[in-house]
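Peer 1: Enclosed is the structure file upload.cif (mmCIF, C-alpha atoms).
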```cif
data_input
loop_
_atom_site.label_atom_id
_atom_site.label_comp_id
_atom_site.auth_asym_id
_atom_site.auth_seq_id
_atom_site.Cartn_x
_atom_site.Cartn_y
_atom_site.Cartn_z
CA MET C 1 12.51 -36.50 22.47
CA ASN C 2 12.92 -33.09 24.06
CA ALA C 3 11.18 -30.25 22.22
CA GLN C 4 13.26 -27.16 21.59
CA PRO C 5 11.84 -24.42 23.84
CA ALA C 6 10.64 -21.26 22.14
CA ARG C 7 12.90 -18.25 22.58
CA ALA C 8 11.47 -15.75 25.02
CA SER C 9 13.33 -12.76 23.59
CA PHE C 10 15.86 -11.66 20.98
CA GLY C 11 18.59 -9.08 20.78
CA ILE C 12 18.38 -6.40 18.12
CA GLY C 13 20.94 -8.21 15.94
CA GLU C 14 18.85 -11.38 16.03
CA VAL C 15 15.76 -9.38 15.08
CA LEU C 16 17.57 -7.91 12.08
CA ALA C 17 18.60 -11.40 10.99
CA GLN C 18 14.95 -12.49 11.07
CA LEU C 19 13.65 -9.48 9.12
CA ARG C 20 16.31 -8.74 6.53
CA GLY C 21 15.31 -11.57 4.22
CA GLU C 22 11.95 -9.83 3.69
CA PHE C 23 13.05 -6.23 4.37
CA PRO C 24 16.63 -5.76 3.11
CA ASP C 25 16.72 -2.07 4.10
CA VAL C 26 15.84 -2.59 7.77
CA SER C 27 18.56 -1.38 10.11
CA VAL C 28 19.31 -0.77 13.77
CA SER C 29 18.63 2.95 13.28
CA LYS C 30 15.27 2.13 11.64
CA ILE C 31 14.19 0.02 14.62
CA ARG C 32 15.36 2.68 17.07
CA PHE C 33 13.47 5.31 15.08
CA LEU C 34 10.24 3.25 15.29
CA GLU C 35 10.81 2.91 19.03
CA SER C 36 11.30 6.66 19.40
CA GLU C 37 7.99 7.18 17.57
CA GLY C 38 6.20 4.90 20.05
CA LEU C 39 5.33 2.10 17.61
CA ILE C 40 7.30 -0.57 19.45
CA GLN C 41 8.30 -0.86 23.08
CA PRO C 42 10.91 -3.59 23.54
CA ALA C 43 11.82 -4.69 27.02
CA ARG C 44 15.21 -3.88 28.50
CA SER C 45 17.63 -6.36 30.03
CA PRO C 46 19.27 -5.59 33.41
CA SER C 47 22.22 -4.26 31.39
CA LYS C 48 19.82 -1.97 29.45
CA TYR C 49 20.01 -3.83 26.13
CA ARG C 50 16.82 -4.05 24.07
CA ARG C 51 15.10 -7.44 24.22
CA PHE C 52 12.38 -8.21 21.66
CA SER C 53 9.67 -10.80 22.22
CA PRO C 54 8.28 -12.88 19.31
CA ALA C 55 5.24 -10.58 19.42
CA ASP C 56 7.54 -7.55 19.06
CA VAL C 57 9.11 -9.12 15.97
CA GLU C 58 5.69 -9.73 14.42
CA ARG C 59 4.69 -6.16 15.25
CA LEU C 60 7.81 -4.90 13.48
CA ARG C 61 7.01 -7.09 10.49
CA TYR C 62 3.50 -5.60 10.31
CA ILE C 63 4.85 -2.02 10.53
CA LEU C 64 7.46 -2.57 7.84
CA THR C 65 4.95 -4.28 5.56
CA ALA C 66 2.42 -1.46 5.97
CA GLN C 67 5.10 1.12 5.13
CA ARG C 68 6.46 -0.76 2.14
CA ASP C 69 3.24 -2.06 0.57
CA GLU C 70 0.56 0.45 1.61
CA TYR C 71 2.69 3.62 1.97
CA LEU C 72 0.96 4.37 5.26
CA PRO C 73 2.16 7.22 7.52
CA LEU C 74 3.45 6.05 10.89
CA ARG C 75 0.60 7.72 12.75
CA VAL C 76 -1.92 5.72 10.74
CA ILE C 77 -0.03 2.49 11.41
CA LYS C 78 0.07 3.39 15.09
CA ASP C 79 -3.69 3.98 15.12
CA ARG C 80 -4.29 0.63 13.41
CA LEU C 81 -2.14 -1.18 15.92
CA ALA C 82 -4.00 0.49 18.78
CA ALA C 83 -7.33 -0.48 17.22
CA ALA C 84 -6.19 -4.08 16.86
CA GLU C 85 -5.11 -4.16 20.49
CA ASP C 86 -8.55 -2.90 21.50
CA GLY C 87 -10.24 -5.59 19.43
CA ALA C 88 -11.56 -2.96 17.02
CA ASP C 89 -9.70 -3.96 13.88
CA ALA C 90 -12.48 -3.96 11.26
CA GLU C 91 -10.60 -5.48 8.32
CA GLY C 92 -12.53 -8.24 6.61
CA GLU C 93 -15.83 -7.56 8.36
CA ASP C 94 -17.84 -8.38 5.26
CA GLY C 95 -16.65 -11.99 5.54
CA GLU C 96 -15.75 -12.14 1.83
CA GLU C 97 -12.14 -12.91 1.08
CA GLY C 98 -10.82 -11.14 -1.99
CA PRO C 99 -7.58 -11.66 -3.93
CA ARG C 100 -5.59 -9.36 -1.63
CA GLN C 101 -6.73 -11.22 1.47
CA ARG C 102 -6.07 -14.67 -0.01
CA LEU C 103 -2.58 -13.83 -1.23
CA GLY C 104 -1.53 -11.39 1.47
CA ARG C 105 1.05 -8.73 0.68
CA ARG C 106 3.81 -11.00 -0.59
CA PRO C 107 5.51 -10.96 -4.02
CA LEU C 108 3.58 -12.83 -6.71
CA SER C 109 4.61 -14.89 -9.69
CA ARG C 110 3.28 -13.90 -13.10
CA ARG C 111 0.77 -16.75 -13.02
CA GLU C 112 -0.47 -15.79 -9.55
CA LEU C 113 -0.97 -12.21 -10.69
CA LEU C 114 -2.87 -13.30 -13.81
CA ASP C 115 -5.14 -15.62 -11.83
CA ALA C 116 -5.79 -13.14 -8.99
CA ALA C 117 -6.60 -10.25 -11.34
CA GLY C 118 -8.59 -12.39 -13.78
CA ILE C 119 -6.64 -11.21 -16.83
CA ASP C 120 -4.71 -12.97 -19.58
CA ASP C 121 -1.04 -12.74 -20.47
CA GLY C 122 -1.67 -10.44 -23.41
CA PHE C 123 -3.50 -7.89 -21.29
CA LEU C 124 -0.79 -7.97 -18.63
CA ALA C 125 1.81 -7.36 -21.34
CA GLU C 126 -0.23 -4.34 -22.43
CA LEU C 127 -0.29 -2.99 -18.87
CA GLU C 128 3.47 -3.40 -18.70
CA ASP C 129 3.94 -1.62 -22.04
CA PHE C 130 2.02 1.39 -20.70
CA GLY C 131 3.97 1.36 -17.43
CA LEU C 132 0.84 0.66 -15.36
CA VAL C 133 2.18 -2.60 -13.90
CA ARG C 134 5.88 -3.18 -13.34
CA PRO C 135 7.60 -6.44 -12.37
CA SER C 136 10.48 -6.59 -9.93
CA GLY C 137 12.73 -9.17 -11.51
CA ARG C 138 10.56 -12.20 -12.13
CA GLN C 139 8.00 -11.31 -9.49
CA TYR C 140 5.34 -8.67 -8.94
CA GLY C 141 4.81 -6.66 -5.78
CA PRO C 142 1.39 -6.42 -4.12
CA GLU C 143 0.94 -2.96 -5.62
CA ALA C 144 0.99 -4.59 -9.08
CA LEU C 145 -2.06 -6.67 -8.12
CA ASP C 146 -3.75 -3.56 -6.71
CA ALA C 147 -3.17 -1.71 -9.99
CA ALA C 148 -4.38 -4.62 -12.11
CA LEU C 149 -7.60 -4.99 -10.08
CA ILE C 150 -8.31 -1.27 -10.32
CA ILE C 151 -7.70 -1.26 -14.07
CA VAL C 152 -10.01 -4.27 -14.48
CA ALA C 153 -12.69 -2.37 -12.55
CA LEU C 154 -12.21 0.68 -14.77
CA GLY C 155 -12.53 -1.59 -17.79
CA ARG C 156 -16.11 -2.35 -16.79
CA TYR C 157 -16.84 1.31 -17.53
CA GLY C 158 -15.12 1.12 -20.91
CA VAL C 159 -11.81 2.64 -19.84
CA GLN C 160 -8.91 0.97 -21.64
CA ALA C 161 -5.31 0.76 -20.50
CA ARG C 162 -4.21 3.24 -23.17
CA HIS C 163 -6.50 5.86 -21.65
CA LEU C 164 -4.53 5.68 -18.40
CA ARG C 165 -1.19 6.85 -19.80
CA ALA C 166 -1.99 10.36 -18.54
CA VAL C 167 -2.48 8.95 -15.03
CA ARG C 168 0.93 7.26 -15.21
CA ALA C 169 2.54 10.49 -16.42
CA ALA C 170 0.91 12.47 -13.59
CA VAL C 171 2.21 9.97 -11.03
CA GLU C 172 5.73 10.31 -12.39
CA ARG C 173 5.54 14.12 -12.15
CA GLU C 174 4.25 13.99 -8.58
CA THR C 175 6.89 11.45 -7.61
CA SER C 176 9.54 13.79 -8.97
CA LEU C 177 8.11 16.60 -6.83
CA ILE C 178 8.20 14.42 -3.70
CA GLU C 179 11.79 13.41 -4.43
CA GLN C 180 12.74 17.09 -4.66
CA VAL C 181 11.09 17.82 -1.30
CA VAL C 182 12.86 15.00 0.57
CA ALA C 183 16.23 15.39 -1.21
CA PRO C 184 17.70 17.71 1.49
CA THR C 185 16.84 15.16 4.18
CA LEU C 186 18.37 12.33 2.17
CA ARG C 187 21.60 14.32 1.84
CA GLN C 188 21.95 14.53 5.61
CA ARG C 189 24.34 12.07 7.19
CA SER C 190 22.61 11.91 10.55
CA ALA C 191 21.17 8.66 11.89
CA GLY C 192 17.61 8.08 10.79
CA SER C 193 17.67 10.63 7.94
CA ARG C 194 16.62 8.01 5.38
CA GLU C 195 13.73 6.90 7.59
CA ARG C 196 12.60 10.50 8.09
CA ALA C 197 12.73 11.10 4.34
CA GLY C 198 10.67 7.99 3.69
CA GLN C 199 8.10 9.01 6.29
CA THR C 200 7.83 12.51 4.79
CA ALA C 201 7.41 11.03 1.30
CA GLN C 202 4.59 8.79 2.51
CA GLU C 203 2.76 11.65 4.18
CA ILE C 204 3.08 13.91 1.11
CA ALA C 205 1.83 11.09 -1.12
CA ALA C 206 -1.18 10.49 1.13
CA LEU C 207 -2.05 14.18 1.17
CA SER C 208 -1.66 14.29 -2.60
CA LEU C 209 -4.21 11.50 -2.96
CA GLN C 210 -6.61 13.42 -0.73
CA LEU C 211 -6.07 16.56 -2.83
CA HIS C 212 -6.77 14.57 -6.00
CA ALA C 213 -10.12 13.42 -4.63
CA SER C 214 -11.09 16.93 -3.54
CA LEU C 215 -10.15 18.52 -6.88
CA MET C 216 -11.85 15.77 -8.86
CA GLY C 217 -14.98 16.07 -6.74
CA SER C 218 -15.22 19.82 -7.24
CA THR C 219 -14.51 19.56 -10.98
CA LEU C 220 -17.16 16.90 -11.50
CA ALA C 221 -19.60 18.95 -9.42
CA ASP C 222 -18.95 21.93 -11.72
CA ALA C 223 -19.89 19.63 -14.60
CA GLY C 224 -23.21 18.89 -12.88
CA LEU C 225 -22.25 15.35 -11.79
CA GLN C 226 -23.13 14.08 -8.32
CA THR C 227 -19.99 13.09 -6.38
CA ASP C 228 -21.07 12.97 -2.73
CA GLY C 229 -18.57 11.08 -0.59
CA LEU C 230 -15.60 11.26 -2.96
CA ALA C 231 -13.50 13.59 -0.82
CA GLY C 232 -14.79 11.90 2.32
CA ALA C 233 -13.51 8.55 1.12
CA ALA C 234 -10.05 10.04 0.61
CA ARG C 235 -10.09 11.58 4.08
CA ALA C 236 -11.09 8.22 5.57
CA ALA C 237 -8.23 6.46 3.79
CA TRP C 238 -5.77 9.12 4.99
CA ALA C 239 -7.07 8.80 8.57
CA GLY C 240 -6.82 5.03 8.51
CA GLU C 241 -10.58 4.58 8.90
CA SER C 242 -10.94 2.40 5.80
CA GLY C 243 -9.43 -1.03 5.30
CA GLU C 244 -9.61 -0.65 1.53
CA ALA C 245 -8.22 2.27 -0.43
CA ALA C 246 -10.35 1.48 -3.50
CA PRO C 247 -14.10 1.29 -4.16
CA ALA C 248 -15.99 -1.95 -3.63
CA GLU C 249 -15.94 -2.74 -7.37
CA VAL C 250 -12.18 -3.14 -7.29
CA ARG C 251 -12.42 -5.98 -4.78
CA LEU C 252 -14.51 -8.11 -7.13
CA GLY C 253 -11.71 -9.10 -9.51
CA GLY C 254 -11.77 -12.11 -11.77
CA ALA C 255 -13.92 -10.72 -14.58
CA GLY C 256 -11.11 -10.03 -17.03
CA TYR C 257 -11.09 -7.21 -19.53
CA ASP C 258 -13.22 -7.46 -22.60
CA GLU C 259 -14.59 -3.98 -23.20
CA PRO C 260 -14.21 -2.95 -26.86
CA GLY C 261 -13.45 0.73 -26.26
CA PHE C 262 -13.94 3.84 -24.24
CA ALA C 263 -17.67 4.45 -23.93
CA GLY C 264 -17.44 8.09 -22.79
CA PRO C 265 -20.00 10.32 -21.02
CA ALA C 266 -22.73 9.87 -23.61
CA ALA C 267 -22.72 6.12 -23.17
CA ALA C 268 -22.70 6.54 -19.39
CA ARG C 269 -25.77 8.73 -19.55
CA SER C 270 -27.54 6.24 -21.76
CA GLY C 271 -26.76 3.36 -19.39
CA ALA C 272 -24.29 1.64 -21.75
#
```
Kindly present the structure from the file in structure tokens form.
Peer 2:
Amino acid sequence: MNAQPARASFGIGEVLAQLRGEFPDVSVSKIRFLESEGLIQPARSPSKYRRFSPADVERLRYILTAQRDEYLPLRVIKDRLAAAEDGADAEGEDGEEGPRQRLGRRPLSRRELLDAAGIDDGFLAELEDFGLVRPSGRQYGPEALDAALIIVALGRYGVQARHLRAVRAAVERETSLIEQVVAPTLRQRSAGSRERAGQTAQEIAALSLQLHASLMGSTLADAGLQTDGLAGAARAAWAGESGEAAPAEVRLGGAGYDEPGFAGPAAARSGA
């Protein structure tokens, strides 16, 4: 029996056919935009058509996943790719595989989300009621698992889901601001305008997170609380120097949520 030889290269239409099942919004202009930004470098045929190797397709899949699931600016993705090529990709150095690493960045069923976050169905329903976790149809995106793990970690300090409604409201206000900023770009009819708007939105969101950390650090310092490294952690995440955007506690997972209420500063000072 003759084995089917592996394809050495693909045309751009064939690449789109491979990626659109996972990334419905990918387009020829999107791929050309990524090429213009130096993130991919497909070969050219003698007739000057782009030819993509299997490695190019996987590189595109990584870029699109990082944009969609981690909201990373293109320059950060580019730096990560360069680091991986140099053998300096530090992800997973601690050797301990957490829920994100085991499941990857794919959509999850409700049961997978419950098991990975270590929560029960009632608690997940509560998170959904407060708008902290949102399903997409019958599945949950990787950001839903991220949110659930972070909320579980906050629960160990006595923070309940209902206390986070203000966080959700703040996110909605900031999202509205970002939408206003990129609206003129979205209204343009030029090629790549949607990609440019998405890139701008990602960069504003990343800077907003950094600003949050700086403002929170200074406010807590005014209250006499030690916060060394808070702003630095945000800068590292923005610069792509950290494989995890959340503290180490968030990676633990699996403990569930059983705190009776919000302990508050007094309990924190007393060690409760």
Peer 1: Residues near Gly131 in chain C, anyone? I mean within 9 Å using all atoms listed in the file, not counting same-chain ones fewer than 5 positions away, as a PyMOL selection string.
Peer 2: chain C and resi 126+165+168
Peer 1: As an exercise, work out the distance from CA of Gln139 in chain C to CA of Phe123 in chain C in Å and give it to one decimal place.
Peer 2: 16.8 Å
Peer 1: Can you list, as a list in words, every protein, DNA or RNA residue that comes within 7 Å of range 191-200 of chain C when you count all atoms listed in the file, leaving out same-chain residues fewer than 6 positions away?
Peer 2: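 Answer for this query is Ser29, Lys30, Phe33, Pro73, Val182 and Thr185 of chain C.
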Peer 1: Do you know which residues the PyMOL selection byres ((chain C and resi 151) around 10) returns on this file, as a list in words?
Peer 2: Ala117, Leu127, Leu132, Val133, Leu145, Asp146, Ala147, Ala148, Leu149, Ile150, Val152, Ala153, Leu154, Gly155, Arg156, Val159, Gln160, Ala161, Leu164, Val250, Gly253, Gly256 and Tyr257 of chain C
Peer 1: Give as a ChimeraX atom specification the residues that the PyMOL selection byres ((chain C and resi 64) around 12) matches when applied to the coordinates above.
Peer 2: /C:19-20,22-27,30-31,34,39-40,57-63,65-74,77-78,105,195,198-199
Peer 1: What is the CA of Ala43 in chain C-CA of Val28 in chain C distance in Å, reported with one decimal?
Peer 2: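 Computing the Euclidean distance for CA of Ala43 in chain C and CA of Val28 in chain C yields 15.7 Å.
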Peer 1: Check what the PyMOL selection byres ((chain C and resi 12) around 10) selects in the file above and give those residues as an mmCIF file with C-alpha atoms, keeping the file's coordinate frame.
Peer 2:
```cif
data_model
loop_
_atom_site.group_PDB
_atom_site.id
_atom_site.type_symbol
_atom_site.label_atom_id
_atom_site.label_comp_id
_atom_site.auth_asym_id
_atom_site.auth_seq_id
_atom_site.Cartn_x
_atom_site.Cartn_y
_atom_site.Cartn_z
ATOM 1 C CA SER C 9 13.330 -12.760 23.590
ATOM 2 C CA PHE C 10 15.860 -11.660 20.980
ATOM 3 C CA GLY C 11 18.590 -9.080 20.780
ATOM 4 C CA GLY C 13 20.940 -8.210 15.940
ATOM 5 C CA GLU C 14 18.850 -11.380 16.030
ATOM 6 C CA VAL C 15 15.760 -9.380 15.080
ATOM 7 C CA LEU C 16 17.570 -7.910 12.080
ATOM 8 C CA ALA C 17 18.600 -11.400 10.990
ATOM 9 C CA GLN C 18 14.950 -12.490 11.070
ATOM 10 C CA SER C 27 18.560 -1.380 10.110
ATOM 11 C CA VAL C 28 19.310 -0.770 13.770
ATOM 12 C CA ILE C 31 14.190 0.020 14.620
ATOM 13 C CA ARG C 32 15.360 2.680 17.070
ATOM 14 C CA PRO C 42 10.910 -3.590 23.540
ATOM 15 C CA TYR C 49 20.010 -3.830 26.130
ATOM 16 C CA ARG C 50 16.820 -4.050 24.070
ATOM 17 C CA ARG C 51 15.100 -7.440 24.220
ATOM 18 C CA PHE C 52 12.380 -8.210 21.660
ATOM 19 C CA VAL C 57 9.110 -9.120 15.970
#
```
Peer 1: Have a look at CA of Asp115 in chain C and CA of Pro142 in chain C and let me know their distance in Å, one decimal.
Peer 2: 13.7 Å
